[in-house]
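Shown next: my_file-v7.txt, containing compact mmCIF, C-alpha atoms.
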```
# COMPACT_ATOMS: atom_id res chain seq x y z
CA MET A 26 0.00 0.00 0.00
CA ASN A 27 2.84 2.33 0.94
CA ARG A 28 4.59 1.62 -2.36
CA LEU A 29 1.42 2.43 -4.17
CA LEU A 30 1.15 5.74 -2.33
CA VAL A 31 4.80 6.56 -3.04
CA SER A 32 4.28 5.74 -6.70
CA LEU A 33 1.22 7.95 -6.85
CA LEU A 34 3.13 10.74 -5.13
CA CYS A 35 6.01 10.41 -7.62
CA LEU A 36 3.54 10.44 -10.49
CA LEU A 37 1.91 13.55 -9.07
CA VAL A 38 5.26 15.30 -8.69
CA PHE A 39 6.16 14.30 -12.25
CA CYS A 40 2.88 15.62 -13.59
CA VAL A 41 3.30 18.94 -11.79
CA PHE A 42 6.96 19.60 -12.65
CA VAL A 43 7.09 18.50 -16.27
CA PRO A 44 4.55 21.08 -17.49
CA LEU A 45 6.40 23.73 -15.50
CA CYS A 46 9.64 22.84 -17.25
CA ILE A 47 7.92 22.81 -20.62
CA ALA A 48 6.32 26.17 -19.89
CA ASP A 49 9.73 27.56 -19.11
CA ALA A 50 11.03 26.18 -22.35
CA VAL A 51 8.06 27.59 -24.17
CA ASN A 52 9.22 31.10 -23.25
CA GLY A 53 12.38 30.43 -25.12
CA VAL A 54 10.51 28.73 -27.91
CA LEU A 55 8.31 31.78 -28.34
CA ALA A 56 11.33 33.67 -29.47
CA GLU A 57 12.45 30.73 -31.58
CA GLU A 58 9.06 30.60 -33.25
CA ARG A 59 9.49 34.15 -34.32
CA VAL A 60 12.74 33.23 -36.00
CA VAL A 61 11.17 30.24 -37.70
CA ASN A 62 8.17 32.23 -38.87
CA LEU A 63 10.07 35.22 -40.14
CA PRO A 64 9.33 36.03 -43.75
CA GLN A 65 12.13 34.68 -45.93
CA ASP A 66 11.62 37.31 -48.57
CA SER A 67 15.16 38.36 -49.37
CA GLY A 68 14.68 37.09 -52.94
CA LYS A 69 11.68 39.31 -53.62
CA TRP A 70 11.84 41.84 -56.44
CA TYR A 71 11.08 45.49 -55.82
CA ILE A 72 8.59 47.81 -57.45
CA SER A 73 8.94 51.47 -56.58
CA VAL A 74 6.37 54.06 -57.52
CA VAL A 75 8.00 57.43 -57.05
CA GLY A 76 6.19 60.73 -57.10
CA ASP A 77 4.54 63.67 -55.46
CA VAL A 78 1.51 62.87 -53.29
CA ASN A 79 -0.18 65.97 -54.67
CA ASP A 80 0.24 64.73 -58.24
CA PRO A 81 -3.00 63.07 -59.41
CA ARG A 82 -1.07 60.96 -61.89
CA TYR A 83 1.12 59.53 -59.12
CA ASN A 84 -1.93 58.70 -57.03
CA GLU A 85 -3.60 57.15 -60.03
CA VAL A 86 -0.65 54.87 -60.74
CA VAL A 87 -0.40 53.90 -57.07
CA GLY A 88 -4.13 53.22 -57.10
CA TRP A 89 -3.75 50.80 -60.01
CA PHE A 90 -1.90 48.44 -57.72
CA THR A 91 -5.01 48.22 -55.59
CA THR A 92 -7.77 48.32 -58.19
CA ASN A 93 -6.32 46.25 -61.02
CA PRO A 94 -6.42 42.54 -60.10
CA ASN A 95 -3.25 41.68 -62.03
CA LEU A 96 -1.22 44.52 -60.56
CA LYS A 97 -2.64 43.79 -57.11
CA LYS A 98 -1.49 40.20 -57.43
CA LEU A 99 1.92 41.40 -58.57
CA LYS A 100 2.14 43.86 -55.68
CA ASP A 101 1.65 41.02 -53.22
CA GLN A 102 4.57 39.15 -54.76
CA VAL A 103 7.12 41.94 -54.57
CA HIS A 104 8.37 44.58 -52.16
CA PHE A 105 6.13 47.47 -53.11
CA CYS A 106 7.66 50.84 -52.23
CA GLN A 107 5.69 54.06 -52.42
CA VAL A 108 8.36 56.71 -52.50
CA ARG A 109 7.21 60.28 -52.00
CA THR A 110 9.15 63.33 -52.98
CA GLY A 111 10.47 65.29 -50.05
CA THR A 112 11.36 62.24 -48.00
CA ALA A 113 14.97 61.44 -47.23
CA ILE A 114 14.63 58.13 -49.05
CA TYR A 115 13.66 60.02 -52.18
CA ASN A 116 16.32 62.70 -51.82
CA GLU A 117 19.17 60.27 -51.28
CA ARG A 118 18.17 57.27 -53.35
CA TYR A 119 15.94 58.44 -56.20
CA ALA A 120 16.26 62.16 -56.90
CA SER A 121 19.52 61.78 -58.79
CA ASN A 122 18.55 58.79 -60.88
CA VAL A 123 14.91 59.19 -61.93
CA GLU A 124 14.20 60.77 -65.30
CA GLY A 125 10.91 62.30 -64.26
CA LEU A 126 7.90 62.00 -62.01
CA PRO A 127 6.06 59.88 -61.44
CA THR A 128 8.36 56.92 -61.99
CA VAL A 129 7.62 53.22 -61.91
CA ARG A 130 10.72 51.10 -61.41
CA MET A 131 11.01 47.35 -61.13
CA GLN A 132 14.23 45.91 -59.73
CA LYS A 133 15.71 42.54 -59.03
CA PRO A 134 16.78 41.87 -55.43
CA ASP A 135 20.33 42.94 -56.31
CA GLY A 136 19.12 46.32 -57.58
CA VAL A 137 19.30 45.63 -61.31
CA VAL A 138 16.55 47.61 -62.99
CA VAL A 139 14.42 45.49 -65.33
CA TYR A 140 11.79 48.11 -66.05
CA GLU A 141 11.55 51.84 -65.58
CA ALA A 142 9.13 54.36 -66.95
CA ALA A 143 8.75 57.98 -66.01
CA GLY A 144 6.21 60.68 -66.71
CA GLU A 145 4.55 60.22 -70.05
CA SER A 146 6.39 56.97 -70.67
CA ILE A 147 4.18 55.27 -68.12
CA PRO A 148 1.39 53.42 -69.94
CA MET A 149 -1.92 55.18 -69.67
CA SER A 150 -3.89 52.23 -68.35
CA ALA A 151 -3.38 49.76 -65.57
CA ALA A 152 -3.56 46.92 -68.09
CA GLY A 153 -0.90 48.64 -70.15
CA LEU A 154 1.42 48.93 -67.16
CA ASN A 155 0.80 45.29 -66.32
CA GLY A 156 1.68 44.35 -69.88
CA ALA A 157 4.85 46.41 -69.76
CA LEU A 158 5.90 44.84 -66.47
CA ALA A 159 5.08 41.38 -67.83
CA GLY A 160 7.24 42.08 -70.85
CA ALA A 161 10.08 43.25 -68.63
CA VAL A 162 9.89 40.14 -66.48
CA ASN A 163 9.91 37.96 -69.58
CA GLU A 164 12.89 39.79 -70.99
CA ALA A 165 14.71 39.46 -67.69
CA GLN A 166 14.14 35.73 -67.95
CA GLY A 167 15.38 35.69 -71.49
CA ILE A 168 11.95 34.87 -72.84
CA ARG A 169 10.94 36.65 -76.00
CA PRO A 170 7.58 38.32 -75.54
CA ILE A 171 4.89 36.37 -77.36
CA LEU A 172 3.12 39.32 -78.88
CA PRO A 173 5.49 42.28 -78.80
CA TRP A 174 3.40 44.19 -81.31
CA ARG A 175 0.43 44.05 -79.00
CA ARG A 176 2.09 46.16 -76.37
CA GLU A 177 2.82 48.90 -78.88
CA MET A 178 -0.70 48.64 -80.17
CA GLU A 179 -2.09 48.95 -76.68
CA ARG A 180 -0.03 52.04 -76.04
CA ARG A 181 -1.51 53.62 -79.14
CA CYS A 182 -5.07 52.55 -78.47
CA PRO A 183 -7.13 54.98 -76.43
CA GLY A 184 -7.89 53.59 -73.01
CA PRO A 185 -10.54 54.57 -70.53
CA CYS A 186 -10.35 58.09 -69.18
CA PRO A 187 -8.14 58.55 -66.14
CA ALA A 188 -9.86 58.34 -62.80
CA PRO A 189 -10.94 61.56 -61.15
CA ASN A 190 -8.33 63.38 -59.14
CA PRO A 191 -7.84 61.71 -55.78
CA ASP A 192 -7.84 63.67 -52.60
CA PRO A 193 -4.48 65.39 -52.30
CA ALA A 194 -4.63 65.48 -48.51
CA PRO A 195 -1.54 64.20 -46.68
CA MET A 196 -1.51 60.45 -46.73
CA PRO A 197 -0.84 58.18 -43.78
CA ASP A 198 1.50 55.23 -44.14
CA PRO A 199 0.34 52.86 -46.86
CA GLU A 200 -1.29 49.58 -46.02
CA PRO A 201 1.43 47.10 -45.10
CA GLN A 202 1.97 44.24 -47.47
CA PRO A 203 1.07 40.73 -46.36
CA ILE A 204 3.88 38.77 -44.80
CA ASP A 205 4.90 35.74 -46.82
CA ASN A 206 7.94 33.77 -47.81
CA GLY A 207 7.68 34.79 -51.42
CA GLY A 208 10.70 35.47 -53.48
CA GLY A 209 12.18 35.00 -56.87
CA LEU A 210 10.65 35.85 -60.16
CA PRO A 211 7.23 37.45 -59.85
CA GLU A 212 4.46 35.94 -61.93
CA VAL A 213 2.89 38.64 -64.02
CA ASP A 214 -0.35 37.77 -65.70
CA PRO A 215 0.01 38.42 -69.42
CA VAL A 216 -2.29 40.86 -71.11
CA GLU A 217 -5.33 39.04 -72.37
CA SER A 218 -5.59 38.91 -76.11
CA PRO A 219 -8.92 40.00 -77.59
CA VAL A 220 -8.47 37.55 -80.53
CA GLU A 221 -10.06 34.17 -80.09
CA TRP A 222 -7.21 32.01 -81.32
CA ALA A 223 -9.45 28.93 -81.40
CA TRP A 224 -10.95 30.35 -84.59
CA LEU A 225 -7.57 30.12 -86.28
CA SER A 226 -7.85 26.36 -86.72
CA VAL A 227 -11.38 26.75 -88.13
CA LEU A 228 -10.12 29.36 -90.60
CA CYS A 229 -7.28 27.04 -91.66
CA LEU A 230 -9.73 24.19 -92.20
CA VAL A 231 -12.07 26.39 -94.22
CA GLY A 232 -9.16 27.61 -96.32
CA PHE A 233 -7.94 24.08 -96.96
CA VAL A 234 -11.37 22.81 -97.95
CA GLY A 235 -11.94 25.87 -100.14
CA GLY A 236 -8.59 25.45 -101.87
CA ALA A 237 -9.09 21.73 -102.47
CA SER A 238 -12.59 22.36 -103.84
CA ALA A 239 -11.34 25.03 -106.22
CA CYS A 240 -8.56 22.77 -107.45
CA TYR A 241 -10.95 19.87 -107.97
CA GLY A 242 -13.46 22.16 -109.67
CA ARG A 243 -10.83 23.41 -112.12
CA GLN A 244 -9.82 19.85 -112.98
CA LEU A 245 -13.45 18.89 -113.46
CA TYR A 246 -14.03 21.91 -115.68
CA GLN A 247 -11.01 21.07 -117.80
CA LYS A 248 -12.25 17.50 -118.12
CA LEU A 249 -15.74 18.56 -119.17
CA TYR A 250 -14.59 21.36 -121.41
CA PRO A 251 -11.20 20.33 -122.80
CA PRO A 252 -9.24 23.19 -124.28
CA VAL A 253 -9.26 23.51 -127.95
CA LYS A 254 -5.87 22.62 -129.29
CA MET B 13 44.21 52.46 -97.59
CA LYS B 14 42.77 55.84 -96.60
CA HIS B 15 39.27 54.68 -97.43
CA PHE B 16 39.80 51.57 -95.36
CA LEU B 17 40.95 53.59 -92.35
CA LEU B 18 38.05 56.00 -92.73
CA ALA B 19 35.61 53.11 -92.87
CA ALA B 20 37.20 51.56 -89.78
CA VAL B 21 36.95 54.84 -87.85
CA LEU B 22 33.33 55.26 -88.90
CA LEU B 23 32.59 51.71 -87.82
CA VAL B 24 34.13 52.32 -84.40
CA VAL B 25 32.18 55.55 -84.00
CA CYS B 26 28.95 53.80 -84.94
CA VAL B 27 29.59 50.98 -82.49
CA VAL B 28 30.42 53.39 -79.66
CA CYS B 29 27.35 55.52 -80.37
CA GLY B 30 25.17 52.46 -80.54
CA LEU B 31 26.19 51.23 -77.13
CA PRO B 32 23.51 51.60 -74.45
CA SER B 33 24.16 54.59 -72.24
CA THR B 34 25.58 53.38 -68.96
CA SER B 35 25.20 56.04 -66.32
CA THR B 36 27.87 55.33 -63.73
CA PRO B 37 26.80 51.91 -62.48
CA ILE B 38 26.61 51.73 -58.74
CA THR B 39 28.34 48.71 -57.39
CA ARG B 40 27.27 46.89 -54.26
CA GLU B 41 25.72 49.14 -51.67
CA LEU B 42 27.36 49.07 -48.26
CA PRO B 43 25.92 48.83 -45.73
CA THR B 44 22.85 47.05 -47.00
CA VAL B 45 20.57 48.98 -44.67
CA ASN B 46 21.85 52.34 -45.83
CA VAL B 47 19.55 54.60 -43.83
CA PRO B 48 19.66 58.13 -45.27
CA LYS B 49 21.25 60.63 -42.92
CA ALA B 50 18.08 62.64 -42.58
CA ASP B 51 16.23 59.51 -41.46
CA ARG B 52 18.70 58.54 -38.74
CA GLN B 53 17.06 59.29 -35.42
CA HIS B 54 19.43 60.69 -32.82
CA ASN B 55 19.06 59.46 -29.26
CA TRP B 56 17.32 61.84 -26.86
CA ILE B 57 16.80 62.17 -23.12
CA GLY B 58 13.29 61.26 -22.04
CA SER B 59 11.08 62.64 -19.30
CA GLN B 60 12.64 60.31 -16.73
CA ARG B 61 16.14 61.49 -17.60
CA GLU B 62 16.78 58.23 -19.41
CA GLY B 63 18.15 57.78 -22.90
CA SER B 64 15.72 56.59 -25.59
CA CYS B 65 18.12 54.48 -27.64
CA VAL B 66 15.62 51.67 -28.25
CA HIS B 67 13.00 54.05 -29.57
CA ALA B 68 15.56 55.95 -31.63
CA SER B 69 16.68 52.68 -33.24
CA MET B 70 13.12 51.64 -34.00
CA ILE B 71 12.32 55.06 -35.49
CA SER B 72 15.31 54.85 -37.85
CA LEU B 73 14.24 51.37 -38.94
CA LEU B 74 10.61 52.40 -39.38
CA ARG B 75 11.70 55.22 -41.67
CA TRP B 76 13.95 52.87 -43.62
CA GLN B 77 10.94 50.61 -44.07
CA GLY B 78 8.82 53.46 -45.39
CA ARG B 79 6.72 53.99 -42.28
CA TYR B 80 7.26 57.70 -41.88
CA GLY B 81 3.89 58.33 -40.24
CA THR B 82 4.40 55.61 -37.67
CA ALA B 83 7.92 56.84 -36.97
CA SER B 84 6.69 60.38 -36.28
CA TYR B 85 3.95 59.05 -34.04
CA TRP B 86 6.44 56.89 -32.14
CA ARG B 87 8.81 59.81 -31.68
CA GLN B 88 6.02 61.87 -30.13
CA LYS B 89 4.61 59.19 -27.89
CA TYR B 90 7.40 57.00 -26.54
CA GLU B 91 10.70 57.72 -24.84
CA ASN B 92 13.04 56.66 -22.02
CA GLY B 93 14.61 53.25 -21.46
CA GLU B 94 12.94 50.09 -22.63
CA TRP B 95 12.72 46.35 -21.95
CA PRO B 96 11.96 43.61 -24.46
CA ASP B 97 8.57 42.70 -23.01
CA ASP B 98 7.49 46.31 -22.60
CA LEU B 99 8.50 47.19 -26.14
CA ALA B 100 6.66 44.13 -27.43
CA ALA B 101 3.57 45.22 -25.51
CA LYS B 102 3.78 48.69 -27.02
CA PHE B 103 4.20 47.29 -30.51
CA ASN B 104 1.19 45.05 -29.94
CA LYS B 105 -0.84 47.95 -28.63
CA GLU B 106 -0.02 50.10 -31.63
CA GLY B 107 -0.56 47.28 -34.11
CA ILE B 108 3.00 47.33 -35.36
CA ARG B 109 4.41 44.22 -37.01
CA TYR B 110 7.67 43.22 -35.43
CA ALA B 111 9.93 40.34 -34.51
CA TYR B 112 12.43 39.94 -31.75
CA VAL B 113 14.68 37.51 -29.96
CA THR B 114 16.21 37.66 -26.53
CA ASN B 115 18.25 34.50 -26.79
CA GLY B 116 21.21 35.68 -28.85
CA ASP B 117 20.20 33.69 -31.92
CA VAL B 118 22.53 34.89 -34.68
CA LYS B 119 20.11 33.56 -37.31
CA PHE B 120 17.86 36.46 -36.45
CA LEU B 121 20.59 38.98 -37.23
CA GLU B 122 21.37 37.22 -40.50
CA TRP B 123 17.72 37.19 -41.46
CA ALA B 124 17.32 40.87 -40.63
CA CYS B 125 20.28 41.86 -42.79
CA ASN B 126 19.57 39.42 -45.62
CA THR B 127 16.06 40.83 -45.97
CA ARG B 128 17.51 44.38 -45.85
CA ARG B 129 15.38 45.35 -42.86
CA GLY B 130 18.12 45.65 -40.23
CA CYS B 131 17.41 45.38 -36.52
CA GLY B 132 18.12 46.96 -33.17
CA ILE B 133 20.64 45.05 -31.08
CA THR B 134 21.76 45.49 -27.50
CA VAL B 135 25.39 46.37 -26.78
CA MET B 136 27.44 47.62 -23.84
CA GLY B 137 26.20 44.88 -21.54
CA GLY B 138 22.59 45.64 -22.37
CA ALA B 139 22.80 49.33 -21.48
CA HIS B 140 22.48 50.57 -25.06
CA MET B 141 20.81 49.66 -28.35
CA VAL B 142 22.11 50.39 -31.83
CA CYS B 143 20.94 49.46 -35.31
CA LEU B 144 22.61 46.55 -37.03
CA VAL B 145 22.81 47.60 -40.67
CA TYR B 146 25.12 45.01 -42.20
CA LEU B 147 26.34 41.52 -41.46
CA ASP B 148 28.35 39.13 -43.61
CA ALA B 149 30.78 36.32 -42.97
CA LYS B 150 33.50 38.72 -41.85
CA TRP B 151 32.11 42.14 -41.08
CA ALA B 152 29.26 43.90 -39.38
CA ALA B 153 28.18 47.52 -39.38
CA VAL B 154 26.11 49.37 -36.83
CA LEU B 155 24.48 52.77 -36.69
CA ASP B 156 24.83 54.25 -33.23
CA ASN B 157 22.05 56.66 -32.36
CA ASN B 158 24.49 58.61 -30.19
CA ASN B 159 26.50 59.44 -33.30
CA VAL B 160 24.43 59.02 -36.44
CA GLU B 161 26.96 60.65 -38.75
CA LYS B 162 28.76 57.45 -39.66
CA PHE B 163 28.46 53.70 -39.65
CA ILE B 164 30.75 51.75 -37.37
CA TRP B 165 32.39 48.68 -38.91
CA VAL B 166 33.52 45.84 -36.67
CA PRO B 167 34.50 42.22 -37.26
CA ARG B 168 31.47 39.95 -37.25
CA GLU B 169 32.61 37.83 -34.34
CA THR B 170 33.38 40.90 -32.25
CA LEU B 171 29.89 42.23 -32.75
CA ILE B 172 28.25 38.91 -32.03
CA ALA B 173 30.31 38.51 -28.85
CA GLU B 174 29.28 42.00 -27.74
CA TRP B 175 25.63 41.31 -28.51
CA LYS B 176 25.54 37.98 -26.73
CA ALA B 177 27.17 39.56 -23.71
CA SER B 178 24.40 42.17 -23.73
CA TYR B 179 21.37 39.88 -23.24
CA GLY B 180 21.19 39.04 -26.95
CA TRP B 181 18.11 41.17 -27.56
CA ALA B 182 17.39 42.05 -31.18
CA VAL B 183 14.19 43.55 -32.51
CA THR B 184 12.89 44.99 -35.75
CA PRO B 185 9.65 46.15 -37.38
CA ILE B 186 8.58 44.04 -40.36
CA TYR B 187 7.55 46.17 -43.30
CA THR B 188 8.88 46.82 -46.79
CA PRO B 189 12.54 47.86 -46.80
CA ALA B 190 13.70 50.59 -49.14
CA ALA B 191 14.57 49.28 -52.59
CA PRO B 192 18.25 48.81 -53.40
CA LEU B 193 19.99 51.50 -55.41
CA SER B 194 19.40 51.03 -59.11
CA ARG B 195 22.08 49.28 -61.13
```
Show me the file's structure as structure tokens.
Amino acid sequence: MNRLLVSLLCLLVFCVFVPLCIADAVNGVLAEERVVNLPQDSGKWYISVVGDVNDPRYNEVVGWFTTNPNLKKLKDQVHFCQVRTGTAIYNERYASNVEGLPTVRMQKPDGVVVYEAAGESIPMSAAGLNGALAGAVNEAQGIRPILPWRREMERRCPGPCPAPNPDPAPMPDPEPQPIDNGGGLPEVDPVESPVEWAWLSVLCLVGFVGGASACYGRQLYQKLYPPVK
Amino acid sequence: MKHFLLAAVLLVVCVVCGLPSTSTPITRELPTVNVPKADRQHNWIGSQREGSCVHASMISLLRWQGRYGTASYWRQKYENGEWPDDLAAKFNKEGIRYAYVTNGDVKFLEWACNTRRGCGITVMGGAHMVCLVYLDAKWAAVLDNNNVEKFIWVPRETLIAEWKASYGWAVTPIYTPAAPLSR
């Protein structure tokens, strides 16, 4: 009976002390968890939109990264930097190397610029900017753009009118980006082509049938009405 | 012969003119967390006659990560000495994303510098905090808020030894770091 009591007592002591030890360890683990869960995003590319907060065009371009689904998706994959004129970051890191305002610049993690457009060189529509960025990413990968003529065409085509001027009031810090472990090459959705390419095969078939019929018809005609020799 | 030379010169001129304009390429930026001078927050004496090195470090890092509004707010609201738990509570209260360690885990420092965010680290036996702005296999650089004019370069192992002997506390906000200089 005594042994049983001693065993129970030992078990009780064990049950009380083990959780205490684990709890103590958990304090240390809390810090460890932070390390484990830190975003491993050193390989992310950078997109900087540089401009004056009172410039409607700057605010419009910044807004595209919220309103356009493709650009929004891209924004979540990269480090998105809204750089405002007048800040020290702008003065020291952008003022001397941007060609105009606003500027959209896409960089690899090592700083290599793969796309930059300033002022009037920025496409007039969100879709146009997405297409330009997609082209730049493809070129950076060494992939030849599939439809290079389309981008030029899109630049020439009139797009929807620019959005109304946004409020020029001083802006608070932008919404923070989601934390993730993303990195590497961003996936940019290509610009959707308005041509239904499925019709191409139908057109080919029609052309082939038409050609064959014409050829057969000519032979038949020559057979029925042989040339006079 | 003269025609040949003229053609050669013209060819060279054409090739040179056709080259893409390379505007003074900037080589590797050192330190990685190259906080602009105007964004480096100097330490200040708080209401309790204590230094505010932890807050100064966090303000510099917040500015580097594009959070100018938050940095201004922090400068107005918080000061004096700080402890890890108290700072964490303040960050939680203000809804600021952050990460920290108090166990001297060097992986945290490497992560902070690899992701170009930097971090505050304790030095001088835990009496002071500075910003770690660079760390590689051999060297480290810190930005001391008592003298924000220049970065201080020290051997990596020296810095890590100093940090570990100072409670091994490192902390940083987690937002978007400034983009690297264009190349």
Please return, as a ChimeraX atom specification, all residues of chain B lying within 9 Å of chain A when all atoms listed in the file are considered. /B:40,47-51,75-82,111-115,117,119-120,123,126-128,186-195
Report as JSON the centre and the edge lengths, in Å to one decimal, of the axis-aligned box holding every listed atom of range 120-136 of chain A, padded by 4 Å on each side.
```
{"center_x": 13.2, "center_y": 52.1, "center_z": -60.4, "size_x": 22.3, "size_y": 28.4, "size_z": 17.9}
```
In Å, rounded to a single decimal, give me how far CA of Glu91 in chain B is from CA of His67 in chain B.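 So the two atoms, CA of His67 in chain B and CA of Glu91 in chain B, lie 6.4 Å apart.
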So that I can see what lies close to Ala173 in chain B, please list as a PyMOL selection string the residues with an atom at most 12 Å from it, counting only C-alpha atoms and leaving out residues fewer than 3 positions away in the same chain. chain B and resi 116-118+133-137+152+166-170+176-180
Rounded to one decimal place, report the CA of Thr91 in chain A-CA of Ala151 in chain A distance in Å.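 It comes out at 10.2 Å.
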So how many Å separate CA of Glu174 in chain B and CA of Asn159 in chain B, to one decimal? 18.5 Å
Identify the residues around (8.6, 60.2, -31.7) within a radius of 12 Å, measuring from all atoms listed in the file in the coordinates stated by the file, and give them as a list of chain:residue names. B:Gln53, B:His54, B:Asn55, B:Trp56, B:Gly58, B:Ser64, B:Cys65, B:Val66, B:His67, B:Ala68, B:Ser69, B:Met70, B:Ile71, B:Ser72, B:Leu74, B:Arg75, B:Tyr80, B:Gly81, B:Thr82, B:Ala83, B:Ser84, B:Tyr85, B:Trp86, B:Arg87, B:Gln88, B:Lys89, B:Tyr90, B:Glu91, B:Asn92
Go through B:Gly132, B:Val142, B:Leu121, B:Asn46 one by one, measure the shortest atom-to-atom distance of each to Leu99 in chain B using all atoms listed in the file, and give the residue with the smallest value.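 Of B:Gly132, B:Val142, B:Leu121, B:Asn46, the one nearest Leu99 in chain B is B:Gly132, counting all atoms listed in the file.
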